[in-house]
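Peer 1: The structure is given below, and queries will be raised subsequently.
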Amino acid sequence: MGLLGDIAKERVLAVQEFTLLSTRALGNIFRSPHYVTDIVRQMDFIGFGSLPIVVLTGFFTGAVLALQTATTLATFGETSLTGQLVMLSLIRELGPVLTSLMVAGRNSSGIASELGSMVVSEQIDAMRALGTDPSKKLVTPRLVATVVMLPLLTVIADFMGLLGGFATSFFIIRMNPSQYWYSAYHALSFEDLFQGLAKPLVFAFIVALVGCYYGLSTSGGTQGVGRATTQAVVAASVMILICDFFLTKLLLWMFA
Amino acid sequence: MEQQQHETVAEFERVTLRFGDKVALHDISFGLERGETKVVLGAAGAGKSVLLKLTMGLLQADEGRITVLGREITREREEDLYELRRHIGMVFQEGALFDSLTVGENVGYVFERMPAVSAEEAERRVREALRFVDLEQTYDLFPSELSGGMRRRVAIARAVVGQPELMLYDSPTAGLDPITAARIMALVVRQRDARQVSSLLVTHRVQDAVLMARSYYDARHEKLVVVHDGGSLEETPKGWSFARTRFLVLREGETAFHGSLEELCGQSDPYLQKFLV
């Protein structure tokens with residue numbers, strides 16, 4: 001019972017710390033000083049830096065989606081609907097989730113290891129000693145940069161997925177190009193776009209804040225940095241997938 | 001004037017700090033007067049670094065009161081302490097320089113939050129601080145391009161650039177060769193004598209502590225001069241005396257000794273004797 005009590009207390013404390021960090025990071029957006037240079041630098045690192053993996057992931061997801069759906073649709077003689085299926089799957093689900101998972105893998109780990117190294121080398125304490133609030137200087141710029149860049153990266157991933165789907169349809173399934181684009185374009189509604197952009201906006205909070213939380217709570221030297229990095233990626237990925245289910249349910253209810 | 005000389009810069013009153021079940025500091029009380037140097041000795045894990053972090057407000061005490069530069073900081077919120085911290089300089093054990101910033105940016109970091117100081121004035125003061133530690137040529141280099149000793153000297157420059165009233169040194173010579181360690185200690189003594197800054201010096205090297213107590217910086221000849229027992233004090237800086245350096249020895253988070261070097265030498269406690277061997 002004692003051990004269980006300790007674990008439960010530890011978890012509750014972690015939730016409390018995470019909530020406090022998130023509230024402070026959000027509140028900092030409305031409090032000066034604002035570290036604009038740091039925001040731009042993080043946008044470059046998180047946004048532009050993630051572009052290659054997002055482009056590749058998007059393209060091949062779209063391509064394989066077209067390949068799989070076309071085979072199934074062929075049994076019903078409806079290969080012409082390939083574009084529609086690729087478009088809806090990508091915009092509503094796969095684009096936001098896969099992009100967020102890729103960005104979490106790259107950036108939650110990057111943020112956790114960077115901040116974790118700063119903790120163990122006492123740079124965070126030095127920053128506080130020099131009169132700077134680490135949550136303003138380090139957490140808020142990463143949060144703002146991720147919130148701005150993740151939806152944009154998702155749009156790029158969606159577009160690349162459509163291109164991938166088109167490449168498969170044209171070169172492998174030998175579909176008429178206009179048929180693919182026509183069915184894809186006409187399947188799209190405002191509801192799909194809203195879902196596709198609302199999700200990465202929420203996931204961005206998870207990617208940035210989970211990375212910052214694990215980084216800033218690092219303890220135990222370089223081994224602790226490695227542990228924090230792994231925990232950040234695992235926690236961010238799992239939270240994205242769980243959150244995706246509830247968010248989808250909520251959005252479907254809103255547009256029902 | 002007499003009253004100003006005995007002004008307390010930092011005061012601990014029955015301070016206790018725990019990390020979970022482990023007591024890091026227990027019932028610690030001492031005062032640091034203006035111009036005084038307090039050398040904090042103790043074995044690893046005795047609570048020396050924790051004591052400095054409490055003084056800086058980086059940790060909060062569980063019990064007792066801490067007053068720094070006339071302000072009680074024990075229950076202050078983090079954001080209320082930033083202004084106070086600008087009057088305190090701290091040198092961390094490994095330097096704790098920001099890897100992503102150049103030496104010049106590291107030293108000038110404190111001016112980022114001081115809009116009243118112009119960019120030109122900030123650069124002038126940064127160069128002056130780097131000249132103080134004899135590293136002006138490293139202005140555009142990154143910390144990774146410097147040796148361990150140079151990084152500590154840059155850390156001292158970063159701590160003194162804001163002209164603090166209180167200096168906190170966390171084992172500034174730990175892990176350094178004797179030549180570099182002597183150079184670092186010369187800077188510490190020089191900083192103390194040049195501006196009569198109060199200091200808390202954490203160390204486990206007793207030779208540093210004795211050097212701090214018995215030497216002064218001769219600005220004319222730019223070297224440290226050791227004053228021996230019964231030696232002349234005529235050449236020493238204004239206000240200098242053996243009594244301006246006092247010792248606080250910690251043992252497992254508790255005060256094992258507090259007093260002058262002579263009093264420490266007279267102790268028969270085996271734990272204290274180990275430091276004097």
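Chain labels follow the order of the structure tokens: the first chain is A, the next B, and so on; residue numbering restarts at 1 in every chain, and ligands are counted from 1 in their shown order.
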Based on only C-alpha atoms, which of the residues in chain B come within 9 Å of chain A? I want them as a VMD selection string.
Peer 2: chain B and resid 53 56 to 58 78 to 79 81 to 86 88 to 99 109 to 110 112 to 113 159
Peer 1: Which residues are near Ala66 (chain A)? Cut-off 7 Å, only C-alpha atoms, ignore same chain within fewer than 2 positions. Put them as a list in words.
Peer 2: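 The filter keeps Gly62, Ala63, Val64, Gln68, Thr69, Ala70, Thr82, Val86, Gly165, Thr168 and Ser169 of chain A.
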Peer 1: Can you spit out the residues from that selection as a JSON list (two decimals), in the first residue's frame, using N, CA and C atoms?
Peer 2:
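The result, written out as out-v8.json:
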[["chain", "number", "residue", "atom", "x", "y", "z"],
["A", 62, "GLY", "N", 0.42, 8.96, -48.54],
["A", 62, "GLY", "CA", -0.57, 9.16, -49.60],
["A", 62, "GLY", "C", -0.43, 8.07, -50.66],
["A", 63, "ALA", "N", 0.83, 7.76, -51.02],
["A", 63, "ALA", "CA", 1.10, 6.78, -52.07],
["A", 63, "ALA", "C", 0.59, 5.39, -51.66],
["A", 64, "VAL", "N", 0.92, 4.99, -50.44],
["A", 64, "VAL", "CA", 0.53, 3.65, -49.99],
["A", 64, "VAL", "C", -0.98, 3.57, -49.75],
["A", 68, "GLN", "N", -3.45, 0.82, -51.43],
["A", 68, "GLN", "CA", -4.31, -0.08, -50.65],
["A", 68, "GLN", "C", -5.78, 0.12, -51.03],
["A", 69, "THR", "N", -6.23, 1.37, -51.06],
["A", 69, "THR", "CA", -7.66, 1.62, -51.32],
["A", 69, "THR", "C", -8.05, 1.21, -52.74],
["A", 70, "ALA", "N", -7.13, 1.46, -53.68],
["A", 70, "ALA", "CA", -7.45, 1.13, -55.08],
["A", 70, "ALA", "C", -7.68, -0.37, -55.22],
["A", 82, "THR", "N", -10.70, 6.64, -55.62],
["A", 82, "THR", "CA", -9.41, 6.61, -54.93],
["A", 82, "THR", "C", -9.02, 7.99, -54.39],
["A", 86, "VAL", "N", -8.30, 8.96, -50.46],
["A", 86, "VAL", "CA", -6.97, 9.45, -50.06],
["A", 86, "VAL", "C", -7.12, 10.81, -49.40],
["A", 165, "GLY", "N", -0.49, 10.07, -53.54],
["A", 165, "GLY", "CA", -1.65, 9.30, -54.01],
["A", 165, "GLY", "C", -1.81, 9.42, -55.50],
["A", 168, "THR", "N", 0.79, 7.30, -57.38],
["A", 168, "THR", "CA", 0.41, 5.87, -57.42],
["A", 168, "THR", "C", -0.73, 5.65, -58.43],
["A", 169, "SER", "N", -1.75, 6.52, -58.34],
["A", 169, "SER", "CA", -2.91, 6.38, -59.23],
["A", 169, "SER", "C", -2.51, 6.48, -60.70]]
Peer 1: If you count only C-alpha atoms, which residues fall within 10 Å of region 13-26 of chain B, apart from same-chain ones fewer than 6 positions away, as a VMD selection string?
Peer 2: chain B and resid 45 to 48 50 to 51 54 59 to 67 74 250 to 255
Peer 1: Could you check the closest approach to Val225 (chain B) for each of B:Ala186, B:Val154, B:Val161, B:Val249 and tell me which residue wins, using only C-alpha atoms?
Peer 2: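 Closest candidate: B:Ala186.
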Peer 1: Which value, in Å to one decimal, gives the distance between CA of Val210 (chain B) and CA of Leu248 (chain B)?
Peer 2: 13.0 Å
Peer 1: If you run DSSP on the backbone here, which positions in region 11-134 of chain B get strand (DSSP E or B)? Please write them as a VMD selection string.
Peer 2: chain B and resid 11 to 19 22 to 33 37 to 42 63 to 68 71 to 72 88 to 91
Peer 1: Would you list the contacts of Cys265 (chain B) as a PyMOL selection string, taking every protein, DNA or RNA residue within 10 Å and counting only C-alpha atoms, but skipping same-chain residues closer than 4 positions in sequence?
Peer 2: chain B and resi 260-261+272-273+275-276
Peer 1: If you count only C-alpha atoms, which residues fall within 7 Å of region 128-136 of chain B, apart from same-chain ones fewer than 2 positions away, as an MDAnalysis selection string?
Peer 2: chainID B and resid 124:126 138:139 153:154 157 160:161 187
Peer 1: For a test of reading the model, state the distance in Å between CA of Arg41 (chain A) and CA of Met102 (chain A), rounded to one decimal.
Peer 2: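 Distance reported for this atom pair: 19.8 Å.
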Peer 1: Could you check the closest approach to Met167 (chain B) for each of B:Ala155, B:Val39, B:Val197, B:Met114 and tell me which residue wins, using only C-alpha atoms?
Peer 2: B:Val197
Peer 1: Could you find all residues in region 100-246 of chain B that DSSP calls alpha helix (DSSP H) from the backbone, and write them as a ChimeraX atom specification?
Peer 2: /B:103-107,119-132,148-160,178-195,206-214
Peer 1: List the spatial neighbours of Ala236 (chain A) as a list in words - criterion: any atom at most 7 Å away, only C-alpha atoms, same-chain residues fewer than 4 positions off excluded.
Peer 2: Ala104, Ile206, Val207, Val210, Ala232 and Ile240 of chain A
Peer 1: Write the residues of the preceding selection, restricted to N, CA, C and O atoms, as a PDB file, in the first residue's frame.
Peer 2:
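Contents of again_9.pdb, as written:
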ATOM      1  N   ALA A 104       6.784  15.074 -33.058  1.00  0.00           N
ATOM      2  CA  ALA A 104       7.032  14.707 -31.651  1.00  0.00           C
ATOM      3  C   ALA A 104       8.333  13.914 -31.548  1.00  0.00           C
ATOM      4  O   ALA A 104       9.150  14.150 -30.662  1.00  0.00           O
ATOM      5  N   ILE A 206       0.863  19.492 -27.002  1.00  0.00           N
ATOM      6  CA  ILE A 206       1.415  18.251 -26.424  1.00  0.00           C
ATOM      7  C   ILE A 206       2.898  18.131 -26.772  1.00  0.00           C
ATOM      8  O   ILE A 206       3.736  17.908 -25.906  1.00  0.00           O
ATOM      9  N   VAL A 207       3.208  18.314 -28.067  1.00  0.00           N
ATOM     10  CA  VAL A 207       4.602  18.158 -28.525  1.00  0.00           C
ATOM     11  C   VAL A 207       5.539  19.087 -27.735  1.00  0.00           C
ATOM     12  O   VAL A 207       6.560  18.656 -27.194  1.00  0.00           O
ATOM     13  N   VAL A 210       5.150  18.678 -23.460  1.00  0.00           N
ATOM     14  CA  VAL A 210       5.670  17.411 -22.924  1.00  0.00           C
ATOM     15  C   VAL A 210       7.205  17.426 -23.002  1.00  0.00           C
ATOM     16  O   VAL A 210       7.894  17.049 -22.048  1.00  0.00           O
ATOM     17  N   ALA A 232       9.927  11.598 -23.062  1.00  0.00           N
ATOM     18  CA  ALA A 232       9.226  12.685 -23.759  1.00  0.00           C
ATOM     19  C   ALA A 232       8.601  12.179 -25.050  1.00  0.00           C
ATOM     20  O   ALA A 232       7.432  12.466 -25.337  1.00  0.00           O
ATOM     21  N   ILE A 240      -0.782  12.022 -27.977  1.00  0.00           N
ATOM     22  CA  ILE A 240      -1.341  12.455 -29.271  1.00  0.00           C
ATOM     23  C   ILE A 240      -2.413  11.450 -29.730  1.00  0.00           C
ATOM     24  O   ILE A 240      -3.517  11.834 -30.140  1.00  0.00           O
TER      25      ILE A 240
END
Peer 1: So how many Å separate CA of Ser108 (chain A) and CA of Gly211 (chain A), to one decimal?
Peer 2: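 Taking CA of Ser108 (chain A) as the start and CA of Gly211 (chain A) as the end point, the length is 4.2 Å.
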Peer 1: Taking only C-alpha atoms into account, name the residue in A:Ala25, A:Ile91, A:Gly161, A:Ile39 that is nearest to Glu191 (chain A).
Peer 2: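 Selected residue with least distance to Glu191 (chain A): A:Ile91.
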